[in-house]
file protein-v3.cif (mmCIF, C-alpha atoms and all ligand atoms)
data_structure
#
loop_
_atom_site.label_atom_id
_atom_site.label_comp_id
_atom_site.auth_asym_id
_atom_site.auth_seq_id
_atom_site.Cartn_x
_atom_site.Cartn_y
_atom_site.Cartn_z
CA MET A 889 -19.86 -15.02 -14.58
CA VAL A 890 -17.11 -12.42 -14.89
CA GLN A 891 -13.65 -13.82 -14.18
CA TYR A 892 -10.48 -11.76 -13.81
CA ASN A 893 -7.15 -13.45 -14.46
CA ILE A 894 -4.55 -12.11 -12.06
CA ALA A 895 -0.74 -12.01 -12.19
CA LEU A 896 0.96 -11.55 -8.81
CA ILE A 897 4.32 -9.74 -8.96
CA GLY A 898 6.19 -10.34 -5.69
CA PHE A 899 5.03 -13.17 -3.45
CA GLY A 900 5.74 -11.80 0.03
CA GLY A 901 3.37 -10.94 2.86
CA VAL A 902 0.76 -8.98 0.89
CA ASN A 903 0.37 -11.02 -2.30
CA ARG A 904 0.54 -14.26 -0.29
CA ALA A 905 -2.32 -12.97 1.92
CA PHE A 906 -4.16 -12.01 -1.26
CA ALA A 907 -3.76 -15.58 -2.61
CA GLU A 908 -5.10 -16.82 0.71
CA LEU A 909 -8.17 -14.60 0.35
CA VAL A 910 -8.69 -15.95 -3.18
CA ALA A 911 -8.47 -19.52 -1.83
CA GLU A 912 -10.95 -18.81 0.97
CA ARG A 913 -13.39 -16.29 -0.49
CA ASN A 914 -13.76 -16.73 -4.24
CA ASN A 915 -17.16 -18.39 -3.85
CA ARG A 916 -18.40 -15.61 -1.61
CA TRP A 917 -17.09 -12.92 -4.00
CA ARG A 918 -18.90 -14.61 -6.89
CA THR A 919 -22.27 -14.00 -5.21
CA GLU A 920 -21.43 -10.82 -3.32
CA LEU A 921 -19.36 -8.95 -5.92
CA GLY A 922 -20.31 -10.57 -9.23
CA PHE A 923 -16.83 -11.78 -10.20
CA GLN A 924 -14.34 -14.47 -9.39
CA LEU A 925 -10.56 -14.35 -9.48
CA ASN A 926 -8.16 -16.77 -11.15
CA ILE A 927 -4.43 -16.53 -10.45
CA VAL A 928 -2.63 -17.24 -13.75
CA ALA A 929 0.91 -16.09 -12.94
CA VAL A 930 3.19 -15.42 -9.97
CA THR A 931 6.73 -14.08 -9.93
CA ASP A 932 9.03 -13.64 -6.95
CA LEU A 933 12.70 -12.74 -6.71
CA ASN A 934 13.36 -15.67 -4.40
CA LEU A 935 10.96 -18.31 -5.71
CA GLY A 936 11.03 -17.77 -9.50
CA SER A 937 7.97 -17.57 -11.71
CA VAL A 938 5.06 -19.70 -12.80
CA VAL A 939 2.44 -19.16 -15.50
CA SER A 940 -0.63 -21.26 -16.20
CA ALA A 941 -3.42 -20.14 -18.51
CA ASN A 942 -5.80 -22.53 -16.74
CA GLY A 943 -5.08 -21.03 -13.35
CA ILE A 944 -2.82 -21.90 -10.44
CA ASP A 945 -4.39 -23.44 -7.35
CA ALA A 946 -4.28 -20.62 -4.77
CA ARG A 947 -4.39 -23.05 -1.84
CA MET A 948 -1.46 -25.03 -3.22
CA LEU A 949 0.48 -21.75 -3.62
CA ILE A 950 0.05 -20.75 0.01
CA GLU A 951 0.37 -24.21 1.57
CA THR A 952 3.48 -25.41 -0.29
CA ARG A 953 6.80 -24.60 1.39
CA PHE A 954 8.80 -23.60 -1.68
CA GLU A 955 12.57 -23.40 -1.52
CA ARG A 956 14.63 -20.82 -3.40
CA GLY A 957 13.73 -21.16 -7.11
CA GLY A 958 10.98 -23.57 -6.04
CA PHE A 959 8.43 -22.46 -8.65
CA ALA A 960 10.59 -24.36 -11.19
CA LYS A 961 9.00 -27.56 -9.88
CA LEU A 962 5.51 -26.43 -10.93
CA SER A 963 4.08 -26.98 -14.40
CA GLY A 964 4.80 -23.74 -16.33
CA GLY A 965 7.38 -22.78 -13.69
CA SER A 966 10.92 -21.41 -13.77
CA ALA A 967 13.53 -20.73 -11.10
CA GLU A 968 13.92 -17.19 -12.49
CA ALA A 969 11.56 -14.27 -11.82
CA ASP A 970 11.34 -13.11 -15.42
CA ASN A 971 9.04 -10.22 -14.58
CA GLU A 972 8.98 -8.49 -17.95
CA GLN A 973 8.13 -11.61 -19.92
CA VAL A 974 5.51 -12.73 -17.40
CA ILE A 975 3.89 -9.30 -17.17
CA ARG A 976 3.79 -8.82 -20.93
CA GLN A 977 2.86 -12.37 -21.94
CA ALA A 978 0.89 -14.12 -19.20
CA PRO A 979 -2.85 -14.20 -19.96
CA ALA A 980 -3.66 -11.78 -17.14
CA ASP A 981 -6.32 -9.07 -17.07
CA ILE A 982 -4.92 -7.52 -13.90
CA VAL A 983 -1.35 -7.30 -12.57
CA ALA A 984 -1.00 -7.02 -8.76
CA GLU A 985 2.33 -5.31 -8.03
CA ALA A 986 3.52 -5.96 -4.45
CA THR A 987 7.30 -6.01 -4.55
CA PHE A 988 9.32 -3.82 -2.19
CA THR A 989 8.86 -0.04 -2.07
CA ASN A 990 11.94 1.74 -3.37
CA PRO A 991 11.64 5.31 -1.99
CA TYR A 992 14.34 6.73 -4.32
CA ASP A 993 13.24 5.94 -7.88
CA GLY A 994 10.40 3.46 -7.36
CA GLU A 995 12.14 0.74 -9.37
CA PRO A 996 11.70 -2.03 -10.31
CA ALA A 997 8.02 -1.51 -9.49
CA VAL A 998 7.63 1.48 -11.82
CA SER A 999 8.82 -0.68 -14.73
CA HIS A 1000 6.50 -3.53 -13.65
CA CYS A 1001 3.53 -1.14 -13.76
CA ARG A 1002 4.66 0.36 -17.06
CA TRP A 1003 5.06 -3.04 -18.77
CA ALA A 1004 1.62 -4.09 -17.55
CA LEU A 1005 -0.17 -0.91 -18.65
CA GLU A 1006 1.59 -0.89 -22.03
CA SER A 1007 0.41 -4.47 -22.55
CA GLY A 1008 -3.20 -3.53 -21.84
CA ARG A 1009 -3.40 -4.98 -18.31
CA HIS A 1010 -5.00 -3.15 -15.39
CA VAL A 1011 -2.58 -2.52 -12.52
CA ILE A 1012 -3.41 -2.73 -8.82
CA THR A 1013 -0.62 -1.97 -6.38
CA THR A 1014 0.16 -1.46 -2.71
CA ASN A 1015 3.63 -0.23 -3.61
CA LYS A 1016 4.14 3.41 -2.68
CA GLY A 1017 7.11 3.93 -5.02
CA PRO A 1018 5.28 4.03 -8.37
CA VAL A 1019 2.41 6.07 -6.91
CA ALA A 1020 4.55 8.72 -5.17
CA LEU A 1021 7.19 8.96 -7.89
CA ALA A 1022 5.54 8.17 -11.22
CA ALA A 1023 1.75 8.47 -10.82
CA ALA A 1024 1.24 11.13 -13.49
CA ASP A 1025 3.08 9.10 -16.17
CA LEU A 1026 1.45 5.83 -15.15
CA LYS A 1027 -2.04 7.34 -15.13
CA ALA A 1028 -1.45 8.79 -18.60
CA LEU A 1029 -0.20 5.42 -19.83
CA ALA A 1030 -3.26 3.72 -18.34
CA ARG A 1031 -5.58 6.19 -20.10
CA ARG A 1032 -3.84 5.68 -23.45
CA ASN A 1033 -4.24 1.92 -23.11
CA HIS A 1034 -7.85 2.06 -21.81
CA VAL A 1035 -6.99 0.31 -18.56
CA SER A 1036 -6.94 1.31 -14.87
CA PHE A 1037 -4.11 2.10 -12.47
CA GLU A 1038 -5.42 1.60 -8.90
CA TYR A 1039 -3.44 2.00 -5.67
CA GLU A 1040 -5.73 2.34 -2.65
CA GLY A 1041 -3.34 0.28 -0.47
CA ALA A 1042 -0.47 2.72 -0.94
CA VAL A 1043 -1.82 4.82 1.96
CA MET A 1044 -3.33 3.32 5.15
CA SER A 1045 -3.35 -0.24 3.74
CA GLY A 1046 -6.94 -1.47 3.38
CA THR A 1047 -8.53 1.53 5.09
CA PRO A 1048 -10.17 3.55 2.33
CA VAL A 1049 -8.78 7.04 2.24
CA ILE A 1050 -7.65 7.96 -1.30
CA ARG A 1051 -10.76 6.80 -3.14
CA MET A 1052 -13.05 7.82 -0.29
CA ALA A 1053 -11.74 11.38 -0.14
CA LYS A 1054 -11.60 11.81 -3.92
CA THR A 1055 -15.14 10.60 -4.44
CA MET A 1056 -17.06 11.27 -1.23
CA LEU A 1057 -15.43 14.62 -0.37
CA ALA A 1058 -15.40 16.00 -3.92
CA GLY A 1059 -16.34 19.67 -3.85
CA SER A 1060 -15.92 20.04 -0.09
CA GLY A 1061 -12.86 22.29 -0.48
CA LEU A 1062 -9.96 20.08 0.57
CA ASN A 1063 -7.15 22.23 1.87
CA GLY A 1064 -4.92 20.02 3.98
CA PHE A 1065 -4.51 16.95 6.13
CA GLU A 1066 -2.54 15.68 9.08
CA GLY A 1067 -2.26 12.20 10.43
CA ILE A 1068 -0.51 9.09 11.58
CA LEU A 1069 0.43 7.33 8.36
CA ASN A 1070 2.93 4.65 9.35
CA GLY A 1071 1.79 1.57 11.25
CA THR A 1072 5.27 0.37 12.21
CA SER A 1073 6.45 3.59 13.87
CA ASN A 1074 3.13 4.01 15.69
CA PHE A 1075 3.36 0.40 16.90
CA VAL A 1076 7.00 0.91 17.96
CA LEU A 1077 6.17 4.09 19.92
CA GLY A 1078 3.39 2.25 21.74
CA ARG A 1079 5.63 -0.71 22.60
CA MET A 1080 8.33 1.68 23.86
CA GLU A 1081 5.70 3.30 26.12
CA SER A 1082 5.16 -0.21 27.55
CA GLY A 1083 8.88 -0.46 28.29
CA LEU A 1084 10.18 -2.40 25.26
CA GLY A 1085 13.45 -1.36 23.58
CA PHE A 1086 13.48 0.26 20.13
CA SER A 1087 15.10 -2.71 18.31
CA GLU A 1088 12.86 -5.30 19.99
CA ALA A 1089 9.79 -3.28 19.07
CA ILE A 1090 10.92 -3.11 15.42
CA GLY A 1091 11.47 -6.89 15.49
CA GLU A 1092 7.86 -7.36 16.63
CA ALA A 1093 6.58 -5.06 13.86
CA GLN A 1094 8.55 -7.08 11.30
CA ALA A 1095 7.16 -10.37 12.59
CA LEU A 1096 3.62 -8.98 12.34
CA GLY A 1097 4.20 -8.00 8.68
CA TYR A 1098 3.92 -4.24 9.25
CA ALA A 1099 7.48 -3.13 8.48
CA GLU A 1100 9.09 -2.36 5.13
CA ALA A 1101 11.72 -4.76 3.77
CA ASP A 1102 14.16 -2.18 5.19
CA PRO A 1103 12.47 -0.82 8.35
CA THR A 1104 14.68 2.26 8.26
CA ALA A 1105 12.06 3.62 5.86
CA ASP A 1106 9.45 3.31 8.62
CA VAL A 1107 11.36 4.77 11.54
CA GLU A 1108 13.16 7.53 9.64
CA GLY A 1109 9.88 8.85 8.19
CA HIS A 1110 10.66 8.06 4.53
CA ASP A 1111 7.57 5.86 4.21
CA VAL A 1112 5.34 8.63 5.60
CA ARG A 1113 7.00 11.13 3.26
CA LEU A 1114 5.90 9.03 0.25
CA LYS A 1115 2.38 8.83 1.67
CA VAL A 1116 2.27 12.61 2.23
CA VAL A 1117 3.33 13.09 -1.41
CA ILE A 1118 0.61 10.69 -2.56
CA LEU A 1119 -2.17 12.30 -0.48
CA ALA A 1120 -1.10 15.87 -1.31
CA ASN A 1121 -0.98 15.12 -5.04
CA GLU A 1122 -4.19 13.08 -5.07
CA LEU A 1123 -6.34 15.19 -2.74
CA LEU A 1124 -4.91 18.71 -2.94
CA GLY A 1125 -3.90 18.72 -6.60
CA ALA A 1126 -0.26 19.30 -5.64
CA THR A 1127 2.75 18.19 -7.67
CA LEU A 1128 5.05 17.35 -4.77
CA THR A 1129 8.08 15.11 -4.91
CA PRO A 1130 9.65 13.60 -1.77
CA GLY A 1131 12.34 16.31 -1.81
CA ASP A 1132 9.59 18.91 -1.19
CA VAL A 1133 8.61 17.31 2.13
CA SER A 1134 10.79 17.98 5.18
CA CYS A 1135 11.30 14.71 7.01
CA ARG A 1136 12.32 13.57 10.48
CA GLY A 1137 11.52 10.14 11.91
CA ILE A 1138 11.28 8.64 15.39
CA SER A 1139 14.74 7.09 15.68
CA SER A 1140 16.11 9.97 17.76
CA LEU A 1141 13.34 9.65 20.40
CA THR A 1142 14.62 8.02 23.58
CA VAL A 1143 12.81 6.10 26.30
CA GLY A 1144 13.48 9.22 28.42
CA ASP A 1145 11.58 11.42 25.90
CA ILE A 1146 8.67 9.01 25.98
CA GLU A 1147 8.61 8.83 29.78
CA SER A 1148 8.84 12.58 30.26
CA ALA A 1149 5.97 13.10 27.79
CA ALA A 1150 3.86 10.55 29.71
CA LYS A 1151 4.50 12.40 33.00
CA GLU A 1152 3.03 15.52 31.41
CA ARG A 1153 0.02 13.63 30.03
CA CYS A 1154 1.43 13.72 26.48
CA ARG A 1155 2.45 11.15 23.88
CA TRP A 1156 4.81 11.21 20.89
CA LYS A 1157 3.34 10.50 17.46
CA LEU A 1158 4.91 10.60 14.00
CA ILE A 1159 2.76 13.07 12.05
CA GLY A 1160 2.64 13.58 8.30
CA SER A 1161 0.89 16.71 7.10
CA ALA A 1162 0.29 19.02 4.16
CA ILE A 1163 -1.44 22.40 4.25
CA ARG A 1164 -2.39 24.77 1.45
CA GLY A 1165 -1.25 28.29 2.40
CA GLU A 1166 -2.99 31.54 1.49
CA ASP A 1167 -0.69 31.87 -1.55
CA GLY A 1168 -1.86 28.42 -2.73
CA ARG A 1169 1.49 26.78 -1.99
CA ILE A 1170 1.45 23.39 -0.25
CA GLU A 1171 3.68 23.06 2.82
CA ALA A 1172 4.32 19.42 3.73
CA SER A 1173 6.27 17.75 6.50
CA VAL A 1174 6.91 14.58 8.47
CA ALA A 1175 8.04 14.94 12.09
CA PRO A 1176 7.45 13.49 15.56
CA ARG A 1177 5.06 15.64 17.61
CA ARG A 1178 4.30 15.59 21.32
CA LEU A 1179 0.51 15.56 21.56
CA ALA A 1180 -1.60 16.13 24.67
CA LEU A 1181 -3.50 12.96 25.55
CA ASP A 1182 -6.81 14.61 24.66
CA HIS A 1183 -5.63 15.36 21.08
CA PRO A 1184 -7.73 13.23 18.66
CA LEU A 1185 -4.60 11.52 17.25
CA ALA A 1186 -3.06 10.73 20.64
CA GLY A 1187 -5.32 7.74 21.25
CA VAL A 1188 -4.54 6.04 17.92
CA GLY A 1189 -2.48 3.00 18.94
CA GLY A 1190 -0.70 -0.01 17.46
CA ALA A 1191 -0.59 -0.27 13.67
CA ILE A 1192 -3.77 1.78 13.37
CA ASN A 1193 -3.48 4.96 11.29
CA ALA A 1194 -5.69 8.05 11.23
CA VAL A 1195 -5.81 11.08 9.00
CA SER A 1196 -7.82 14.25 9.52
CA ILE A 1197 -8.67 15.90 6.22
CA ASN A 1198 -9.45 19.62 6.42
CA THR A 1199 -12.30 20.82 4.25
CA ASP A 1200 -13.94 24.23 3.81
CA LEU A 1201 -17.49 22.94 4.09
CA LEU A 1202 -17.27 20.20 6.72
CA GLY A 1203 -14.27 21.17 8.80
CA ALA A 1204 -12.12 18.16 9.68
CA VAL A 1205 -13.16 14.72 8.47
CA THR A 1206 -11.14 11.95 10.11
CA VAL A 1207 -10.60 8.47 8.68
CA THR A 1208 -9.10 5.83 10.94
CA GLY A 1209 -8.33 2.14 10.53
CA PRO A 1210 -5.52 -0.35 9.96
CA GLY A 1211 -2.44 1.24 8.42
CA ALA A 1212 -0.43 -1.93 7.89
CA GLY A 1213 -0.78 -5.71 7.98
CA ARG A 1214 -0.71 -8.46 5.38
CA VAL A 1215 -4.42 -9.27 5.20
CA GLU A 1216 -5.47 -5.65 5.68
CA THR A 1217 -3.30 -4.65 2.73
CA ALA A 1218 -4.43 -7.59 0.63
CA TYR A 1219 -7.96 -6.26 1.11
CA ALA A 1220 -6.85 -3.02 -0.57
CA LEU A 1221 -6.02 -5.07 -3.69
CA LEU A 1222 -9.52 -6.51 -3.63
CA SER A 1223 -10.99 -3.01 -3.29
CA ASP A 1224 -8.99 -1.98 -6.37
CA ILE A 1225 -10.46 -4.90 -8.31
CA VAL A 1226 -13.95 -3.92 -7.16
CA ALA A 1227 -13.26 -0.40 -8.51
CA ILE A 1228 -12.09 -1.81 -11.85
CA HIS A 1229 -15.08 -4.15 -12.03
CA ARG A 1230 -17.49 -1.28 -11.39
CA ALA A 1231 -15.81 0.89 -14.01
CA VAL A 1232 -15.70 -1.85 -16.64
CA HIS A 1233 -18.86 -3.88 -16.08
CA VAL A 1234 -21.35 -2.22 -13.79
CA ASN A 1235 -21.15 1.22 -15.46
CA LYS A 1236 -21.28 -0.39 -18.92
CA GLU A 1237 -24.35 -2.41 -17.99
CA ALA A 1238 -26.04 0.70 -16.58
CA ALA A 1239 -25.42 2.56 -19.84
CA GLU A 1240 -26.97 -0.24 -21.94
N1 LIG B 1301 2.89 -5.12 4.66
C1 LIG B 1301 2.14 -4.04 4.80
O1 LIG B 1301 1.51 -3.82 5.84
C2 LIG B 1301 2.01 -3.09 3.67
C3 LIG B 1301 2.82 -3.14 2.57
N2 LIG B 1301 2.70 -2.22 1.57
C4 LIG B 1301 3.58 -2.30 0.41
O2 LIG B 1301 3.23 -3.48 -0.33
C5 LIG B 1301 4.40 -4.04 -0.94
C6 LIG B 1301 4.54 -5.49 -0.50
O3 LIG B 1301 4.65 -5.54 0.90
P1 LIG B 1301 4.97 -6.92 1.65
O4 LIG B 1301 4.31 -8.04 0.94
O5 LIG B 1301 4.72 -6.68 3.08
O6 LIG B 1301 6.54 -7.02 1.40
P2 LIG B 1301 7.44 -8.33 1.41
O7 LIG B 1301 8.85 -7.86 1.54
O8 LIG B 1301 6.90 -9.32 2.36
O9 LIG B 1301 7.21 -8.94 -0.06
C7 LIG B 1301 7.77 -8.43 -1.22
C8 LIG B 1301 8.10 -9.62 -2.09
O10 LIG B 1301 8.52 -9.15 -3.36
C9 LIG B 1301 9.69 -9.88 -3.72
N3 LIG B 1301 10.45 -9.08 -4.67
C10 LIG B 1301 11.32 -8.08 -4.43
N4 LIG B 1301 11.79 -7.60 -5.59
C11 LIG B 1301 11.24 -8.32 -6.58
C12 LIG B 1301 11.35 -8.34 -7.99
N5 LIG B 1301 12.15 -7.50 -8.63
N6 LIG B 1301 10.64 -9.25 -8.68
C13 LIG B 1301 9.82 -10.13 -8.06
N7 LIG B 1301 9.69 -10.17 -6.73
C14 LIG B 1301 10.38 -9.29 -6.00
C15 LIG B 1301 10.42 -10.11 -2.41
O11 LIG B 1301 11.36 -11.14 -2.57
P3 LIG B 1301 12.64 -11.16 -1.56
O12 LIG B 1301 12.07 -11.30 -0.18
O13 LIG B 1301 13.42 -12.32 -2.03
O14 LIG B 1301 13.33 -9.84 -1.76
C16 LIG B 1301 9.26 -10.47 -1.50
O15 LIG B 1301 8.92 -11.83 -1.59
C17 LIG B 1301 5.57 -3.15 -0.51
O16 LIG B 1301 5.81 -2.23 -1.54
C18 LIG B 1301 5.05 -2.44 0.74
O17 LIG B 1301 5.63 -1.17 0.92
C19 LIG B 1301 1.73 -1.25 1.58
C20 LIG B 1301 0.86 -1.17 2.63
C21 LIG B 1301 0.96 -2.03 3.79
N1 LIG B 1302 5.54 -0.29 6.53
C1 LIG B 1302 4.33 0.41 6.33
C2 LIG B 1302 3.34 -0.46 5.59
C3 LIG B 1302 2.13 0.30 5.14
O1 LIG B 1302 2.44 1.17 4.09
C4 LIG B 1302 3.75 0.83 7.67
O2 LIG B 1302 4.22 0.32 8.69
O3 LIG B 1302 2.86 1.67 7.69
#
call {"tool": "encode", "arguments": {"input": "protein-v3.cif", "output": "structure tokens", "more": "lines below"}}
Ligand SMILES: NC(=O)C1=CN([C@@H]2O[C@H](COP(=O)(O)OP(=O)(O)OC[C@H]3O[C@@H](n4cnc5c(N)ncnc54)[C@H](OP(=O)(O)O)[C@@H]3O)[C@@H](O)[C@H]2O)C=CC1
Ligand SMILES: N[C@@H](CCO)C(=O)O
result
Amino acid sequence: MVQYNIALIGFGGVNRAFAELVAERNNRWRTELGFQLNIVAVTDLNLGSVVSANGIDARMLIETRFERGGFAKLSGGSAEADNEQVIRQAPADIVAEATFTNPYDGEPAVSHCRWALESGRHVITTNKGPVALAAADLKALARRNHVSFEYEGAVMSGTPVIRMAKTMLAGSGLNGFEGILNGTSNFVLGRMESGLGFSEAIGEAQALGYAEADPTADVEGHDVRLKVVILANELLGATLTPGDVSCRGISSLTVGDIESAAKERCRWKLIGSAIRGEDGRIEASVAPRRLALDHPLAGVGGAINAVSINTDLLGAVTVTGPGAGRVETAYALLSDIVAIHRAVHVNKEAAE
């Protein structure tokens, strides 16, 4: 039986939900997917770090109420999150990076990914920073070290869009996309339509695990801007940086704007888009748009996301599904491991 040893970097909503999935579903994965997972290290800014070559009980990890520095009480534990040492030295095959997204330089997550790849570990991440800001370098580093860098959860959480479009739409002539790419702001707009205030709606999105550590990134459009960069670079072969994407969020929309749109059978949505012009240049933007209720994106509610990908041969292909949520995003990490497993084992077996 194939077993992957996993190191979790950051133990917040997503990696905690991932540990919960490991606790609940490892047996099922063994039969369904042909591998099992073994958590051998966890680091967290607040809790410290713990390493155990024999594996750390996933159920214990999620059920124990640790205090600040609480991992020190575990065998192999420390009150400090010594990320570099853990990433480089723990006996992990795969490092799951799920610390906060830094939209400016991607750190410290970029360094976490770099240390892991340099040390010959595969990296799976839901963190948009390293993917939007350092993907080319990290992919090259992964290639040099014969490991994978996988990041399906960086856009639309567990809903497959990056890998799906790159593999299943290959050759279809991708020339643009537009969509709702932030669960929090879509949820907030919907709650405001129901009469809730902006701040209360953000509070609900935080409690549900949708929002960024600093929700300004959600409502000011910065999170969508990173996702537009990722999709444009991955699907359209662009080389955008966040500075290339004009960006306006939803914070200036008032209850009055929302009510007047409703009276005219319209609805506000935060739309991220990128289009290849006739000269080959990619124009990308993030901005609120007032959509007629019969527009295909107008009915996408709550933390659901949707992106319509324009192709030469098929016209628009739309992918819709959860765009945020702890478990939904933890699933993206599993899908990354499935991709690594197929690349490493299944393809190798087929070649033999
Ligand atoms: N939640 C979601 O729906 C989605 C999240 N993502 C991305 O996934 C990542 C994780 O999200 P989520 O779990 O919700 O976020 P959380 O804020 O819940 O968790 C992040 C965890 O990482 C810890 N952390 C921060 N910096 C460090 C560090 N330097 N070393 C070790 N640990 C650190 C935080 O500790 P502390 O709290 O003490 O700072 C926190 O426990 C983010 O990058 C997010 O953008 C992507 C798609 C969807
Ligand atoms: N905060 C983000 C998480 C998913 O990237 C959102 O609400 O969409």
call {"tool": "residues_around", "arguments": {"input": "protein-v3.cif", "residues": "A:Ala1172", "least_positions_apart": "2", "cutoff": "8 Å", "atoms": "all atoms listed in the file", "output": "list in words"}}
result
Val1116, Asp1132, Val1133, Ser1134, Gly1160, Ser1161, Ala1162, Ile1163, Ile1170 and Val1174 of chain A
call {"tool": "residues_near_ligand", "arguments": {"input": "protein-v3.cif", "ligand": "ligand LIG 1302 (chain B)", "cutoff": "9 Å", "atoms": "only C-alpha atoms and all ligand atoms", "output": "VMD selection string"}}
result
chain A and resid 989 1014 to 1016 1041 to 1045 1069 to 1075 1093 to 1094 1097 to 1103 1105 to 1107 1111 to 1112 1115 1191 to 1193 1210 to 1214 1217
call {"tool": "closest_residue", "arguments": {"input": "protein-v3.cif", "among": "A:Ala997, A:Arg1032, A:Thr919, A:Val1076", "to": "A:Gly1091", "atoms": "only C-alpha atoms"}}
result
A:Val1076
call {"tool": "residues_around", "arguments": {"input": "protein-v3.cif", "residues": "A:Glu985", "least_positions_apart": "3", "cutoff": "8 Å", "atoms": "all atoms listed in the file", "output": "PyMOL selection string"}}
result
chain A and resi 896-898+997+1000-1001+1011-1015
call {"tool": "closest_residue", "arguments": {"input": "protein-v3.cif", "among": "A:Ala1149, A:Ala1028, A:Val902, A:Ala1053", "to": "ligand LIG 1301 (chain B)", "atoms": "all atoms listed in the file"}}
result
A:Val902
call {"tool": "closest_residue", "arguments": {"input": "protein-v3.cif", "among": "A:Arg947, A:Arg1031, A:Arg1155, A:His1110", "to": "ligand LIG 1301 (chain B)", "atoms": "all atoms listed in the file"}}
result
A:His1110
call {"tool": "closest_residue", "arguments": {"input": "protein-v3.cif", "among": "A:Asp993, A:Glu1088, A:Glu908, A:Glu1216", "to": "ligand LIG 1301 (chain B)", "atoms": "all atoms listed in the file"}}
result
A:Glu1216
call {"tool": "closest_residue", "arguments": {"input": "protein-v3.cif", "among": "A:Trp1003, A:Phe899, A:Phe1086, A:Tyr1039", "to": "A:Arg976", "atoms": "all atoms listed in the file"}}
result
A:Trp1003
call {"tool": "closest_residue", "arguments": {"input": "protein-v3.cif", "among": "A:Leu1077, A:Val1035, A:Ala1220, A:Ile1228", "to": "ligand LIG 1301 (chain B)", "atoms": "all atoms listed in the file"}}
result
A:Ala1220
call {"tool": "atom_distance", "arguments": {"input": "protein-v3.cif", "atom1": "atom CA of A:Ile1118", "atom2": "atom CA of A:Phe1065"}}
result
11.9 Å
call {"tool": "atom_distance", "arguments": {"input": "protein-v3.cif", "atom1": "atom CA of A:Gly1168", "atom2": "atom CA of A:Asn1063"}}
result
9.4 Å
call {"tool": "atom_distance", "arguments": {"input": "protein-v3.cif", "atom1": "atom CA of A:Ala1150", "atom2": "atom CA of A:Arg1178"}}
result
9.8 Å
call {"tool": "residues_around", "arguments": {"input": "protein-v3.cif", "residues": "A:Leu1202", "least_positions_apart": "3", "cutoff": "9 Å", "atoms": "only C-alpha atoms", "output": "list of chain:residue names"}}
result
A:Ser1060, A:Gly1061, A:Asn1198, A:Thr1199, A:Val1205
call {"tool": "residues_around", "arguments": {"input": "protein-v3.cif", "residues": "stretch 922-937 of chain A", "least_positions_apart": "5", "cutoff": "8 Å", "atoms": "all atoms listed in the file", "output": "PyMOL selection string"}}
result
chain A and resi 889-900+907+910+914-915+917+942-946+954-960+965-971+974+978-980
call {"tool": "axis_aligned_box", "arguments": {"input": "protein-v3.cif", "around": "stretch 1063-1072 of chain A", "padding_each_side": "3 Å", "output": "JSON"}}
result
{"center_x": -0.9, "center_y": 11.3, "center_z": 7.0, "size_x": 18.4, "size_y": 27.9, "size_z": 16.3}
call {"tool": "residues_around", "arguments": {"input": "protein-v3.cif", "residues": "A:Ile1159", "least_positions_apart": "4", "cutoff": "7 Å", "atoms": "all atoms listed in the file", "output": "PyMOL selection string"}}
result
chain A and resi 1066-1068+1174-1177
call {"tool": "write_last_selection", "arguments": {"input": "protein-v3.cif", "atoms": "C-alpha atoms", "output": "PDB file, keeping the file's coordinate frame"}}
result
ATOM      1  CA  GLU A1066      -2.540  15.680   9.080  1.00  0.00           C
ATOM      2  CA  GLY A1067      -2.260  12.200  10.430  1.00  0.00           C
ATOM      3  CA  ILE A1068      -0.510   9.090  11.580  1.00  0.00           C
ATOM      4  CA  VAL A1174       6.910  14.580   8.470  1.00  0.00           C
ATOM      5  CA  ALA A1175       8.040  14.940  12.090  1.00  0.00           C
ATOM      6  CA  PRO A1176       7.450  13.490  15.560  1.00  0.00           C
ATOM      7  CA  ARG A1177       5.060  15.640  17.610  1.00  0.00           C
TER       8      ARG A1177
END
call {"tool": "decode", "arguments": {"input": "protein-v3.cif", "residues": "stretch 1155-1177 of chain A", "atoms": "C-alpha atoms", "output": "CSV table (one decimal), in the first residue's frame"}}
result
chain,number,residue,atom,x,y,z
A,1155,ARG,CA,-28.0,42.4,-9.2
A,1156,TRP,CA,-24.4,43.5,-8.3
A,1157,LYS,CA,-21.6,40.9,-8.7
A,1158,LEU,CA,-17.9,41.2,-8.3
A,1159,ILE,CA,-16.5,40.1,-11.6
A,1160,GLY,CA,-12.9,39.1,-12.4
A,1161,SER,CA,-12.0,38.8,-16.0
A,1162,ALA,CA,-9.2,38.5,-18.6
A,1163,ILE,CA,-9.5,38.8,-22.4
A,1164,ARG,CA,-6.9,38.3,-25.1
A,1165,GLY,CA,-7.2,41.2,-27.5
A,1166,GLU,CA,-6.6,41.1,-31.3
A,1167,ASP,CA,-3.0,42.2,-30.7
A,1168,GLY,CA,-2.5,39.3,-28.3
A,1169,ARG,CA,-2.4,41.5,-25.2
A,1170,ILE,CA,-4.3,40.3,-22.2
A,1171,GLU,CA,-6.6,42.9,-20.6
A,1172,ALA,CA,-7.6,41.9,-17.0
A,1173,SER,CA,-9.8,43.6,-14.4
A,1174,VAL,CA,-11.7,43.2,-11.2
A,1175,ALA,CA,-14.8,45.3,-10.7
A,1176,PRO,CA,-18.4,45.2,-9.4
A,1177,ARG,CA,-20.9,44.8,-12.3
